[in-house]
file work-v7.txt (compact mmCIF, C-alpha atoms)
# COMPACT_ATOMS: atom_id res chain seq x y z
CA MET B 13 84.39 39.35 -179.30
CA LYS B 14 83.22 39.78 -175.73
CA VAL B 15 83.66 36.77 -173.45
CA VAL B 16 82.13 36.88 -169.98
CA LEU B 17 84.10 35.44 -167.06
CA SER B 18 81.62 33.98 -164.60
CA THR B 19 82.99 35.44 -161.37
CA ARG B 20 82.26 38.21 -158.89
CA ASN B 21 85.83 37.99 -157.61
CA ALA B 22 87.70 41.08 -158.84
CA HIS B 23 91.09 39.43 -158.18
CA LYS B 24 90.18 36.47 -160.34
CA LEU B 25 88.89 38.65 -163.17
CA GLN B 26 92.09 40.69 -163.17
CA GLU B 27 94.26 37.57 -163.13
CA VAL B 28 92.46 35.86 -166.01
CA GLN B 29 92.49 39.06 -168.08
CA ARG B 30 96.23 39.34 -167.45
CA ILE B 31 96.92 35.70 -168.36
CA LEU B 32 94.96 35.85 -171.62
CA ALA B 33 96.43 39.28 -172.52
CA ALA B 34 99.93 37.81 -172.14
CA GLU B 35 98.92 34.98 -174.48
CA ALA B 36 97.94 37.64 -177.03
CA VAL B 37 94.54 36.10 -177.65
CA ALA B 38 93.56 38.64 -180.31
CA GLY B 39 90.01 39.88 -180.60
CA VAL B 40 88.85 38.61 -177.22
CA GLU B 41 87.72 41.03 -174.50
CA VAL B 42 87.16 39.35 -171.13
CA VAL B 43 84.48 41.08 -169.05
CA GLY B 44 83.11 40.29 -165.58
CA LEU B 45 79.53 39.76 -164.45
CA ASP B 46 78.98 43.42 -163.54
CA GLY B 47 75.93 44.73 -165.40
CA PHE B 48 74.60 41.25 -166.15
CA ASP B 49 71.78 39.60 -164.26
CA VAL B 50 73.23 36.13 -163.66
CA PRO B 51 71.56 34.08 -160.92
CA GLU B 52 73.68 32.68 -158.09
CA VAL B 53 75.08 29.28 -159.08
CA VAL B 54 74.85 26.32 -156.68
CA GLU B 55 78.30 24.81 -157.04
CA ASP B 56 77.37 21.24 -156.23
CA GLY B 57 79.62 19.47 -158.72
CA VAL B 58 82.02 16.82 -157.47
CA SER B 59 85.10 18.22 -159.24
CA PHE B 60 86.70 21.52 -160.19
CA ALA B 61 85.78 20.80 -163.81
CA GLU B 62 82.10 20.22 -163.04
CA ASN B 63 81.85 23.39 -160.98
CA ALA B 64 83.66 25.47 -163.61
CA LEU B 65 81.19 24.20 -166.22
CA LEU B 66 78.20 24.96 -163.97
CA LYS B 67 79.41 28.54 -163.61
CA ALA B 68 80.25 29.03 -167.28
CA GLU B 69 76.90 27.58 -168.36
CA ALA B 70 74.96 29.88 -166.04
CA ALA B 71 76.77 32.93 -167.44
CA ALA B 72 76.37 31.84 -171.07
CA ARG B 73 72.66 31.24 -170.55
CA ALA B 74 72.05 34.57 -168.82
CA THR B 75 74.17 36.75 -171.12
CA GLY B 76 74.00 35.08 -174.53
CA LEU B 77 77.77 35.56 -174.72
CA PRO B 78 80.52 32.94 -174.84
CA ALA B 79 81.39 32.36 -171.19
CA ILE B 80 84.47 31.20 -169.36
CA ALA B 81 84.78 30.24 -165.72
CA ASP B 82 87.43 29.22 -163.25
CA ASP B 83 86.99 26.81 -160.39
CA SER B 84 90.12 26.43 -158.34
CA GLY B 85 91.48 25.64 -154.93
CA ILE B 86 94.16 24.12 -152.82
CA ALA B 87 94.40 20.36 -152.33
CA VAL B 88 96.37 19.52 -149.19
CA ASP B 89 97.90 16.03 -149.08
CA ALA B 90 97.46 15.64 -145.30
CA LEU B 91 93.75 16.45 -145.72
CA ASN B 92 93.23 13.88 -148.51
CA GLY B 93 93.10 16.65 -151.11
CA MET B 94 90.79 18.95 -149.18
CA PRO B 95 89.82 21.88 -149.07
CA GLY B 96 89.73 21.08 -152.83
CA ILE B 97 86.45 22.15 -154.42
CA PHE B 98 85.41 23.55 -151.01
CA SER B 99 88.38 25.97 -150.85
CA ALA B 100 86.34 29.16 -151.26
CA ARG B 101 83.92 28.21 -148.48
CA TRP B 102 86.26 26.25 -146.24
CA ALA B 103 85.47 28.33 -143.13
CA GLY B 104 81.74 28.07 -143.82
CA THR B 105 80.92 31.28 -145.66
CA HIS B 106 81.80 31.87 -149.28
CA GLY B 107 84.81 33.97 -150.21
CA ASP B 108 86.24 34.91 -146.82
CA ASP B 109 89.91 34.47 -147.77
CA GLN B 110 91.27 35.36 -144.34
CA ALA B 111 89.00 32.99 -142.42
CA ASN B 112 89.61 30.16 -144.91
CA LEU B 113 93.36 30.54 -144.61
CA ASP B 114 93.38 30.83 -140.81
CA LEU B 115 91.25 27.72 -140.50
CA LEU B 116 93.41 25.65 -142.84
CA LEU B 117 96.60 26.58 -140.99
CA ALA B 118 95.00 25.75 -137.62
CA GLN B 119 93.74 22.38 -138.84
CA VAL B 120 97.18 21.23 -139.96
CA ALA B 121 99.18 22.99 -137.22
CA ASP B 122 100.52 19.64 -135.97
CA VAL B 123 101.36 18.27 -139.43
CA PRO B 124 105.17 18.21 -139.76
CA ASP B 125 107.03 19.91 -142.62
CA ALA B 126 107.73 16.64 -144.40
CA ARG B 127 104.00 16.02 -144.84
CA ARG B 128 102.89 19.51 -145.90
CA GLY B 129 102.70 18.85 -149.65
CA ALA B 130 99.83 20.47 -151.53
CA SER B 131 98.61 21.33 -155.02
CA PHE B 132 96.94 24.36 -156.46
CA VAL B 133 94.36 23.14 -158.99
CA CYS B 134 92.36 25.17 -161.51
CA ALA B 135 89.73 24.09 -164.00
CA ALA B 136 89.10 26.60 -166.78
CA ALA B 137 85.83 26.10 -168.65
CA LEU B 138 84.48 27.57 -171.87
CA VAL B 139 80.84 27.36 -172.94
CA ARG B 140 80.22 28.53 -176.52
CA PRO B 141 76.99 30.15 -177.75
CA ASP B 142 76.05 26.84 -179.43
CA GLY B 143 76.20 25.17 -176.00
CA SER B 144 79.37 23.18 -176.66
CA ARG B 145 81.76 22.88 -173.74
CA HIS B 146 85.49 22.71 -173.17
CA VAL B 147 87.45 22.30 -169.90
CA GLU B 148 91.16 22.38 -169.18
CA GLU B 149 92.84 21.69 -165.86
CA GLY B 150 96.08 23.20 -164.54
CA VAL B 151 97.99 21.98 -161.49
CA VAL B 152 101.04 23.23 -159.62
CA ARG B 153 102.62 21.20 -156.82
CA GLY B 154 104.13 22.83 -153.77
CA THR B 155 104.27 23.10 -149.99
CA LEU B 156 101.90 24.57 -147.43
CA LEU B 157 103.60 27.12 -145.16
CA ARG B 158 102.84 27.61 -141.44
CA ALA B 159 102.13 31.36 -141.72
CA ARG B 160 101.41 33.93 -144.41
CA ARG B 161 104.21 35.37 -146.56
CA GLY B 162 103.66 38.15 -149.10
CA GLU B 163 100.98 40.64 -150.02
CA GLY B 164 100.24 39.73 -153.65
CA GLY B 165 97.69 37.39 -155.13
CA PHE B 166 94.60 36.26 -153.24
CA GLY B 167 93.04 33.18 -151.68
CA TYR B 168 95.67 30.74 -150.39
CA ASP B 169 98.58 32.44 -152.25
CA PRO B 170 100.33 33.63 -149.05
CA VAL B 171 100.79 30.10 -147.68
CA PHE B 172 101.84 28.18 -150.82
CA VAL B 173 105.39 27.81 -152.17
CA PRO B 174 105.55 26.12 -155.59
CA GLU B 175 107.99 23.24 -156.03
CA GLY B 176 111.44 24.43 -157.10
CA HIS B 177 110.79 27.96 -155.83
CA GLU B 178 111.61 29.90 -152.65
CA LEU B 179 108.89 32.55 -152.77
CA SER B 180 105.25 32.07 -151.90
CA THR B 181 102.82 32.78 -154.74
CA ALA B 182 101.92 35.99 -152.85
CA GLU B 183 105.57 37.10 -152.95
CA MET B 184 106.06 36.50 -156.69
CA SER B 185 105.52 39.14 -159.35
CA PRO B 186 102.24 38.64 -161.24
CA ALA B 187 104.12 37.53 -164.36
CA ALA B 188 106.29 35.07 -162.44
CA LYS B 189 103.25 33.62 -160.72
CA ASP B 190 101.20 33.33 -163.93
CA ALA B 191 104.07 31.53 -165.68
CA ILE B 192 103.79 28.55 -163.32
CA SER B 193 100.42 28.88 -161.65
CA HIS B 194 97.51 26.45 -161.89
CA ARG B 195 95.37 29.28 -163.30
CA GLY B 196 98.03 30.29 -165.82
CA ARG B 197 98.35 26.71 -167.01
CA ALA B 198 94.60 26.12 -167.27
CA PHE B 199 93.78 29.33 -169.15
CA ARG B 200 96.76 29.06 -171.49
CA ALA B 201 95.52 25.57 -172.34
CA LEU B 202 92.11 27.11 -173.09
CA SER B 203 93.50 29.95 -175.21
CA GLY B 204 93.56 27.96 -178.44
CA ALA B 205 89.84 27.30 -178.19
CA LEU B 206 89.24 31.00 -177.50
CA ARG B 207 91.28 32.01 -180.54
CA THR B 208 89.34 29.61 -182.72
CA LEU B 209 86.06 30.97 -181.38
CA ALA B 210 87.14 34.59 -181.98
CA ARG B 211 88.01 33.78 -185.61
CA SER B 212 84.72 31.99 -186.30
CA MET S 23 93.53 -4.19 -112.37
CA LYS S 24 93.44 -0.46 -113.06
CA VAL S 25 93.62 0.56 -116.72
CA VAL S 26 94.01 4.23 -117.56
CA LEU S 27 92.07 5.65 -120.51
CA SER S 28 94.17 8.40 -122.08
CA THR S 29 91.53 11.10 -122.42
CA ARG S 30 90.43 14.31 -120.74
CA ASN S 31 87.03 14.01 -122.41
CA ALA S 32 84.51 13.03 -119.72
CA HIS S 33 81.98 11.86 -122.35
CA LYS S 34 84.51 9.50 -123.87
CA LEU S 35 85.54 8.10 -120.49
CA GLN S 36 81.94 7.42 -119.58
CA GLU S 37 81.23 5.77 -122.93
CA VAL S 38 84.26 3.46 -122.82
CA GLN S 39 83.53 2.51 -119.20
CA ARG S 40 79.96 1.68 -120.22
CA ILE S 41 81.01 -0.38 -123.25
CA LEU S 42 83.54 -2.45 -121.30
CA ALA S 43 81.14 -2.87 -118.36
CA ALA S 44 78.53 -4.29 -120.75
CA GLU S 45 81.15 -6.73 -122.03
CA ALA S 46 81.66 -7.85 -118.44
CA VAL S 47 85.42 -7.52 -118.63
CA ALA S 48 85.99 -8.80 -115.10
CA GLY S 49 88.72 -7.33 -112.91
CA VAL S 50 89.32 -4.26 -115.05
CA GLU S 51 88.67 -0.79 -113.68
CA VAL S 52 88.92 1.95 -116.31
CA VAL S 53 90.05 5.29 -114.88
CA GLY S 54 90.66 8.67 -116.55
CA LEU S 55 93.71 10.90 -116.48
CA ASP S 56 92.53 12.92 -113.47
CA GLY S 57 95.20 12.82 -110.77
CA PHE S 58 97.92 11.69 -113.17
CA ASP S 59 100.54 14.02 -114.59
CA VAL S 60 100.47 13.04 -118.27
CA PRO S 61 102.02 15.54 -120.69
CA GLU S 62 99.93 16.84 -123.60
CA VAL S 63 100.30 14.50 -126.60
CA VAL S 64 101.02 15.91 -130.06
CA GLU S 65 98.66 13.84 -132.19
CA ASP S 66 100.66 13.95 -135.40
CA GLY S 67 100.02 10.41 -136.59
CA VAL S 68 98.61 9.85 -140.07
CA SER S 69 95.83 7.48 -138.98
CA PHE S 70 93.37 6.92 -136.15
CA ALA S 71 95.43 3.88 -135.11
CA GLU S 72 98.70 5.83 -134.94
CA ASN S 73 97.13 8.60 -132.87
CA ALA S 74 95.43 6.16 -130.50
CA LEU S 75 98.79 4.46 -129.93
CA LEU S 76 100.53 7.81 -129.33
CA LYS S 77 97.96 8.65 -126.65
CA ALA S 78 98.01 5.22 -125.00
CA GLU S 79 101.82 5.15 -124.96
CA ALA S 80 102.02 8.58 -123.32
CA ALA S 81 99.60 7.49 -120.59
CA ALA S 82 101.33 4.14 -120.02
CA ARG S 83 104.71 5.86 -119.73
CA ALA S 84 103.47 8.53 -117.31
CA THR S 85 101.37 6.28 -115.08
CA GLY S 86 103.09 2.90 -115.16
CA LEU S 87 99.62 1.38 -115.68
CA PRO S 88 98.26 -0.51 -118.68
CA ALA S 89 96.76 2.22 -120.86
CA ILE S 90 94.01 2.33 -123.44
CA ALA S 91 93.14 5.16 -125.79
CA ASP S 92 90.56 6.04 -128.37
CA ASP S 93 91.11 8.07 -131.50
CA SER S 94 87.97 8.57 -133.45
CA GLY S 95 86.16 10.83 -135.87
CA ILE S 96 83.82 11.24 -138.75
CA ALA S 97 84.95 10.55 -142.31
CA VAL S 98 82.69 12.32 -144.82
CA ASP S 99 82.69 10.88 -148.34
CA ALA S 100 82.21 14.26 -150.03
CA LEU S 101 85.28 15.55 -148.17
CA ASN S 102 87.48 12.59 -149.19
CA GLY S 103 87.22 11.10 -145.71
CA MET S 104 87.83 14.33 -143.80
CA PRO S 105 87.52 15.60 -141.02
CA GLY S 106 88.92 12.11 -140.22
CA ILE S 107 91.81 12.28 -137.77
CA PHE S 108 91.28 16.06 -137.60
CA SER S 109 87.68 15.70 -136.34
CA ALA S 110 88.33 17.01 -132.82
CA ARG S 111 90.11 20.14 -134.07
CA TRP S 112 88.21 20.68 -137.31
CA ALA S 113 87.27 24.29 -136.49
CA GLY S 114 90.84 25.05 -135.46
CA THR S 115 90.81 24.62 -131.68
CA HIS S 116 90.77 21.25 -129.99
CA GLY S 117 87.55 19.84 -128.59
CA ASP S 118 85.01 22.54 -129.47
CA ASP S 119 82.20 20.15 -130.48
CA GLN S 120 79.74 22.88 -131.40
CA ALA S 121 82.15 24.81 -133.61
CA ASN S 122 83.37 21.62 -135.31
CA LEU S 123 79.85 20.52 -136.09
CA ASP S 124 78.69 23.95 -137.32
CA LEU S 125 81.71 24.20 -139.61
CA LEU S 126 81.23 20.73 -141.09
CA LEU S 127 77.55 21.38 -141.86
CA ALA S 128 78.39 24.74 -143.48
CA GLN S 129 81.15 23.24 -145.62
CA VAL S 130 78.86 20.61 -147.13
CA ALA S 131 75.68 22.72 -147.19
CA ASP S 132 75.45 22.38 -150.99
CA VAL S 133 76.17 18.63 -151.06
CA PRO S 134 72.93 16.86 -152.01
CA ASP S 135 71.40 14.08 -149.89
CA ALA S 136 72.51 11.33 -152.27
CA ARG S 137 76.16 12.23 -151.64
CA ARG S 138 76.07 12.69 -147.86
CA GLY S 139 77.50 9.28 -146.93
CA ALA S 140 79.90 9.17 -144.00
CA SER S 141 81.58 6.81 -141.55
CA PHE S 142 82.26 7.02 -137.85
CA VAL S 143 85.67 5.45 -137.26
CA CYS S 144 87.31 4.56 -133.95
CA ALA S 145 90.72 3.09 -133.21
CA ALA S 146 91.03 1.58 -129.74
CA ALA S 147 94.61 1.05 -128.56
CA LEU S 148 96.08 -0.86 -125.64
CA VAL S 149 99.65 -0.45 -124.44
CA ARG S 150 100.71 -3.04 -121.84
CA PRO S 151 103.25 -2.44 -119.04
CA ASP S 152 105.81 -4.47 -121.03
CA GLY S 153 105.41 -1.95 -123.89
CA SER S 154 103.58 -4.32 -126.24
CA ARG S 155 100.81 -2.73 -128.30
CA HIS S 156 97.44 -3.74 -129.67
CA VAL S 157 95.00 -1.72 -131.85
CA GLU S 158 91.51 -2.49 -133.06
CA GLU S 159 89.41 -0.40 -135.44
CA GLY S 160 85.62 -0.08 -135.50
CA VAL S 161 83.60 1.53 -138.28
CA VAL S 162 79.92 2.35 -138.74
CA ARG S 163 78.57 3.64 -142.03
CA GLY S 164 75.79 6.19 -142.21
CA THR S 165 74.56 9.54 -143.49
CA LEU S 166 75.39 13.12 -142.55
CA LEU S 167 72.28 15.13 -141.66
CA ARG S 168 71.78 18.85 -142.46
CA ALA S 169 71.03 19.90 -138.87
CA ARG S 170 71.37 18.50 -135.36
CA ARG S 171 68.92 15.93 -134.02
CA GLY S 172 68.99 14.66 -130.44
CA GLU S 173 70.63 15.57 -127.16
CA GLY S 174 72.59 12.41 -126.34
CA GLY S 175 76.16 11.45 -127.11
CA PHE S 176 78.81 14.02 -128.02
CA GLY S 177 80.97 15.14 -130.93
CA TYR S 178 79.27 14.60 -134.27
CA ASP S 179 76.55 12.29 -132.84
CA PRO S 180 73.68 14.76 -133.52
CA VAL S 181 74.29 14.82 -137.29
CA PHE S 182 74.93 11.13 -138.03
CA VAL S 183 72.32 8.47 -138.80
CA PRO S 184 73.74 4.93 -138.99
CA GLU S 185 72.83 2.81 -142.02
CA GLY S 186 69.60 0.88 -141.49
CA HIS S 187 68.46 3.21 -138.71
CA GLU S 188 66.16 6.23 -138.47
CA LEU S 189 67.55 7.88 -135.35
CA SER S 190 70.71 9.92 -135.12
CA THR S 191 73.33 8.54 -132.74
CA ALA S 192 72.38 11.43 -130.40
CA GLU S 193 68.75 10.24 -130.39
CA MET S 194 69.55 6.60 -129.58
CA SER S 195 69.70 5.18 -126.07
CA PRO S 196 73.29 4.65 -124.89
CA ALA S 197 72.89 0.87 -125.15
CA ALA S 198 71.42 1.05 -128.66
CA LYS S 199 74.22 3.34 -129.78
CA ASP S 200 76.99 1.24 -128.22
CA ALA S 201 75.62 -1.90 -129.90
CA ILE S 202 76.41 -0.54 -133.36
CA SER S 203 78.81 2.33 -132.81
CA HIS S 204 82.38 2.59 -134.06
CA ARG S 205 83.54 2.93 -130.44
CA GLY S 206 81.48 -0.04 -129.28
CA ARG S 207 82.91 -2.19 -132.06
CA ALA S 208 86.50 -1.13 -131.46
CA PHE S 209 86.48 -1.58 -127.68
CA ARG S 210 84.58 -4.87 -127.82
CA ALA S 211 87.26 -6.09 -130.23
CA LEU S 212 89.86 -5.01 -127.66
CA SER S 213 88.10 -6.64 -124.70
CA GLY S 214 89.68 -10.07 -125.21
CA ALA S 215 93.15 -8.57 -124.88
CA LEU S 216 92.04 -6.73 -121.73
CA ARG S 217 90.66 -9.93 -120.20
CA THR S 218 93.90 -11.77 -120.93
CA LEU S 219 95.90 -8.94 -119.37
CA ALA S 220 93.68 -8.89 -116.25
CA ARG S 221 94.19 -12.63 -115.78
CA SER S 222 97.97 -12.48 -116.19

call {"tool": "encode", "arguments": {"input": "work-v7.txt", "output": "C-alpha cells"}}
result
Amino acid sequence: MKVVLSTRNAHKLQEVQRILAAEAVAGVEVVGLDGFDVPEVVEDGVSFAENALLKAEAAARATGLPAIADDSGIAVDALNGMPGIFSARWAGTHGDDQANLDLLLAQVADVPDARRGASFVCAAALVRPDGSRHVEEGVVRGTLLRARRGEGGFGYDPVFVPEGHELSTAEMSPAAKDAISHRGRAFRALSGALRTLARS
Amino acid sequence: MKVVLSTRNAHKLQEVQRILAAEAVAGVEVVGLDGFDVPEVVEDGVSFAENALLKAEAAARATGLPAIADDSGIAVDALNGMPGIFSARWAGTHGDDQANLDLLLAQVADVPDARRGASFVCAAALVRPDGSRHVEEGVVRGTLLRARRGEGGFGYDPVFVPEGHELSTAEMSPAAKDAISHRGRAFRALSGALRTLARS
C-alpha cells in the first residue's frame, strides 16, 4: 500500500521513512509529494495537530491515497512555547532553517542557562481514503543551546539537547535520535493505525 | 526635582515627558541618559516589570537621581503573548523598529483576522534615591493589522488598532494616543508617587 507523506521537505521524508521502516510496518511504502499535483496548504491551524491534519487532508484529496503528515517545531519556555507552530517560518519565509535558527538564538541571547528549557513537538496525522482521521503527538523535553553543535538532522536539531543526554539531536546517530525524538514518538504511535490500514 | 528616564530612545523620552506634562506633575523635570555614564543593562528579567526595574535601578545607581524606566511591548495572542518582553529585539538586534515590525507581520501572515488580537503592555518603574521601588503596569487591548498605517508614534504603533477605535496608534494624535495607551496608563498610575517624591 502506498501512503503519501504530505511534505516537500526531503529531510522529513527520509526521517519518517526511516522511523516507519524501523517499526517494520509491513506492506506500507511511504512516498513524497513528487509527481503529485497537491496545492499549497495554508497552515492556519492553531495547533500542531490541526496543521498536520490540514496537510494530510490536502494530500489525501489530491492523490486519492492514504496520506500522512507531520507538523512539528520547537517550543521554547522563555518564549511562552514559541516558535511552536510557527517554527518553519520563524524568520518570515518558509523553510529557511539557517535564518530561523539564527533568529531564535539572537532573540534569547540574554536568557540565562537556567531558563533555556524547550520541547520538540511533533503531530503525526493520518487521513484514510474514507476521510477518517487520526493524530498522535510526540514530545521530547530538552535545553536550547547558545550555538549550533553537530551536522546531522535538520531544522532546530543543532541547538537542542534532549533531557538526560549530552549530545545535540544533530550530533546523535539517526537511530539514537529517532529512539527519543518527538517525530519518532509520534510516528511510532501512528504505526498501529497504519498496520491496520495496510491489512484492510 | 530632576528625574532620569532610563532610555536612549528619543521617541520614548518625548512620549513620557509629554504624558507626565499633561498630568501636571509639578516640580518634576524628566531628563534622558544623555550626559550620564550609565552602563548597558542586560534586560534578562522574565516580565516587563522586572526589566523596567532593572533599567531604573541601573540609572538610579549611576546618576544618584530618582530614576524612572519603561519596559513595554506588544503581546500577540496567536504567538502566546510574544514578542512580549522581547519586542525591542524581536528581529535579533536591539531597537530596529522596521525589522521587528516586518518580521512580526511575516510570522503571522497566515493568521486570520478573527485571531489577530493583541495587547500593548507597559511597565513603568520608579526607583527612589533611598532604593525603594515602585512599578505600575498599563495595558491596552487591540488588533494587529496586516500592514503599516500612519506615520506617528514608534515601535509597533503602525500595526496596532486599539479596541473601540478605527485608527492605528500611529494615525492618532499624540494626545489621543496617550489618553488610551499602555504607556499613558502606566505613567499616569506612577504620577502620584512622583508627586509625593517631588514634595518630599

call {"tool": "closest_residue", "arguments": {"input": "work-v7.txt", "among": "S:Glu185, S:Asp119, S:Glu79, S:Glu72", "to": "S:Cys144", "atoms": "all atoms listed in the file"}}
result
S:Glu72

call {"tool": "closest_residue", "arguments": {"input": "work-v7.txt", "among": "S:Val161, S:Ile107, S:Met23, S:Ala169", "to": "S:Leu126", "atoms": "all atoms listed in the file"}}
result
S:Ala169

call {"tool": "atom_distance", "arguments": {"input": "work-v7.txt", "atom1": "atom CA of S:Gly160", "atom2": "atom CA of S:Ala89"}}
result
18.5 Å

call {"tool": "residues_near_point", "arguments": {"input": "work-v7.txt", "point": "(97.4, -4.5, -122.4)", "cutoff": "7 Å", "atoms": "all atoms listed in the file", "output": "MDAnalysis selection string"}}
result
chainID S and resid 88:89 148:150 215:216 219

call {"tool": "interface_residues", "arguments": {"input": "work-v7.txt", "of": "chain B", "to": "chain S", "cutoff": "10 Å", "atoms": "only C-alpha atoms", "output": "ChimeraX atom specification"}}
result
/B:54-58,90-106,114-124,127

call {"tool": "atom_distance", "arguments": {"input": "work-v7.txt", "atom1": "atom CA of S:Gly177", "atom2": "atom CA of B:Arg128"}}
result
26.9 Å

call {"tool": "atom_distance", "arguments": {"input": "work-v7.txt", "atom1": "atom CA of B:His177", "atom2": "atom CA of B:Lys189"}}
result
10.6 Å

call {"tool": "closest_residue", "arguments": {"input": "work-v7.txt", "among": "B:Ala198, B:Ala87, B:Val40, B:Ala22", "to": "B:Ser131", "atoms": "all atoms listed in the file"}}
result
B:Ala87

call {"tool": "residues_near_point", "arguments": {"input": "work-v7.txt", "point": "(84.4, 31.7, -166.3)", "cutoff": "8 Å", "atoms": "all atoms listed in the file", "output": "PyMOL selection string"}}
result
chain B and resi 16-19+64+67-68+71+79-82+136-138

call {"tool": "residues_around", "arguments": {"input": "work-v7.txt", "residues": "S:Arg171", "least_positions_apart": "5", "cutoff": "12 Å", "atoms": "all atoms listed in the file", "output": "list in words"}}
result
Leu166, Phe176, Tyr178, Asp179, Pro180, Val181, Phe182, Val183, Glu188, Leu189, Ser190, Thr191, Ala192, Glu193 and Met194 of chain S

call {"tool": "write_last_selection", "arguments": {"input": "work-v7.txt", "atoms": "C-alpha atoms", "output": "PDB file, keeping the file's coordinate frame"}}
result
ATOM      1  CA  LEU S 166      75.390  13.120-142.550  1.00  0.00           C
ATOM      2  CA  PHE S 176      78.810  14.020-128.020  1.00  0.00           C
ATOM      3  CA  TYR S 178      79.270  14.600-134.270  1.00  0.00           C
ATOM      4  CA  ASP S 179      76.550  12.290-132.840  1.00  0.00           C
ATOM      5  CA  PRO S 180      73.680  14.760-133.520  1.00  0.00           C
ATOM      6  CA  VAL S 181      74.290  14.820-137.290  1.00  0.00           C
ATOM      7  CA  PHE S 182      74.930  11.130-138.030  1.00  0.00           C
ATOM      8  CA  VAL S 183      72.320   8.470-138.800  1.00  0.00           C
ATOM      9  CA  GLU S 188      66.160   6.230-138.470  1.00  0.00           C
ATOM     10  CA  LEU S 189      67.550   7.880-135.350  1.00  0.00           C
ATOM     11  CA  SER S 190      70.710   9.920-135.120  1.00  0.00           C
ATOM     12  CA  THR S 191      73.330   8.540-132.740  1.00  0.00           C
ATOM     13  CA  ALA S 192      72.380  11.430-130.400  1.00  0.00           C
ATOM     14  CA  GLU S 193      68.750  10.240-130.390  1.00  0.00           C
ATOM     15  CA  MET S 194      69.550   6.600-129.580  1.00  0.00           C
TER      16      MET S 194
END

call {"tool": "residues_around", "arguments": {"input": "work-v7.txt", "residues": "S:Arg217", "least_positions_apart": "5", "cutoff": "10 Å", "atoms": "only C-alpha atoms", "output": "list in words"}}
result
Ala46, Val47, Ala48, Gly49, Val50, Leu212 and Ser222 of chain S

call {"tool": "write_last_selection", "arguments": {"input": "work-v7.txt", "atoms": "C-alpha atoms", "output": "short mmCIF file (atom, residue, chain, number, x, y, z; two decimals), in the frame of the given file"}}
result
data_model
loop_
_atom_site.label_atom_id
_atom_site.label_comp_id
_atom_site.auth_asym_id
_atom_site.auth_seq_id
_atom_site.Cartn_x
_atom_site.Cartn_y
_atom_site.Cartn_z
CA ALA S 46 81.66 -7.85 -118.44
CA VAL S 47 85.42 -7.52 -118.63
CA ALA S 48 85.99 -8.80 -115.10
CA GLY S 49 88.72 -7.33 -112.91
CA VAL S 50 89.32 -4.26 -115.05
CA LEU S 212 89.86 -5.01 -127.66
CA SER S 222 97.97 -12.48 -116.19
#

call {"tool": "residues_around", "arguments": {"input": "work-v7.txt", "residues": "B:Ala70", "least_positions_apart": "3", "cutoff": "9 Å", "atoms": "all atoms listed in the file", "output": "JSON list (two decimals) with C-alpha atoms, keeping the file's coordinate frame"}}
result
[["chain", "number", "residue", "atom", "x", "y", "z"],
["B", 18, "SER", "CA", 81.62, 33.98, -164.60],
["B", 50, "VAL", "CA", 73.23, 36.13, -163.66],
["B", 51, "PRO", "CA", 71.56, 34.08, -160.92],
["B", 52, "GLU", "CA", 73.68, 32.68, -158.09],
["B", 53, "VAL", "CA", 75.08, 29.28, -159.08],
["B", 65, "LEU", "CA", 81.19, 24.20, -166.22],
["B", 66, "LEU", "CA", 78.20, 24.96, -163.97],
["B", 67, "LYS", "CA", 79.41, 28.54, -163.61],
["B", 73, "ARG", "CA", 72.66, 31.24, -170.55],
["B", 74, "ALA", "CA", 72.05, 34.57, -168.82],
["B", 75, "THR", "CA", 74.17, 36.75, -171.12],
["B", 79, "ALA", "CA", 81.39, 32.36, -171.19]]

call {"tool": "residues_around", "arguments": {"input": "work-v7.txt", "residues": "B:Val133", "least_positions_apart": "3", "cutoff": "7 Å", "atoms": "all atoms listed in the file", "output": "ChimeraX atom specification"}}
result
/B:84-86,150-152,194
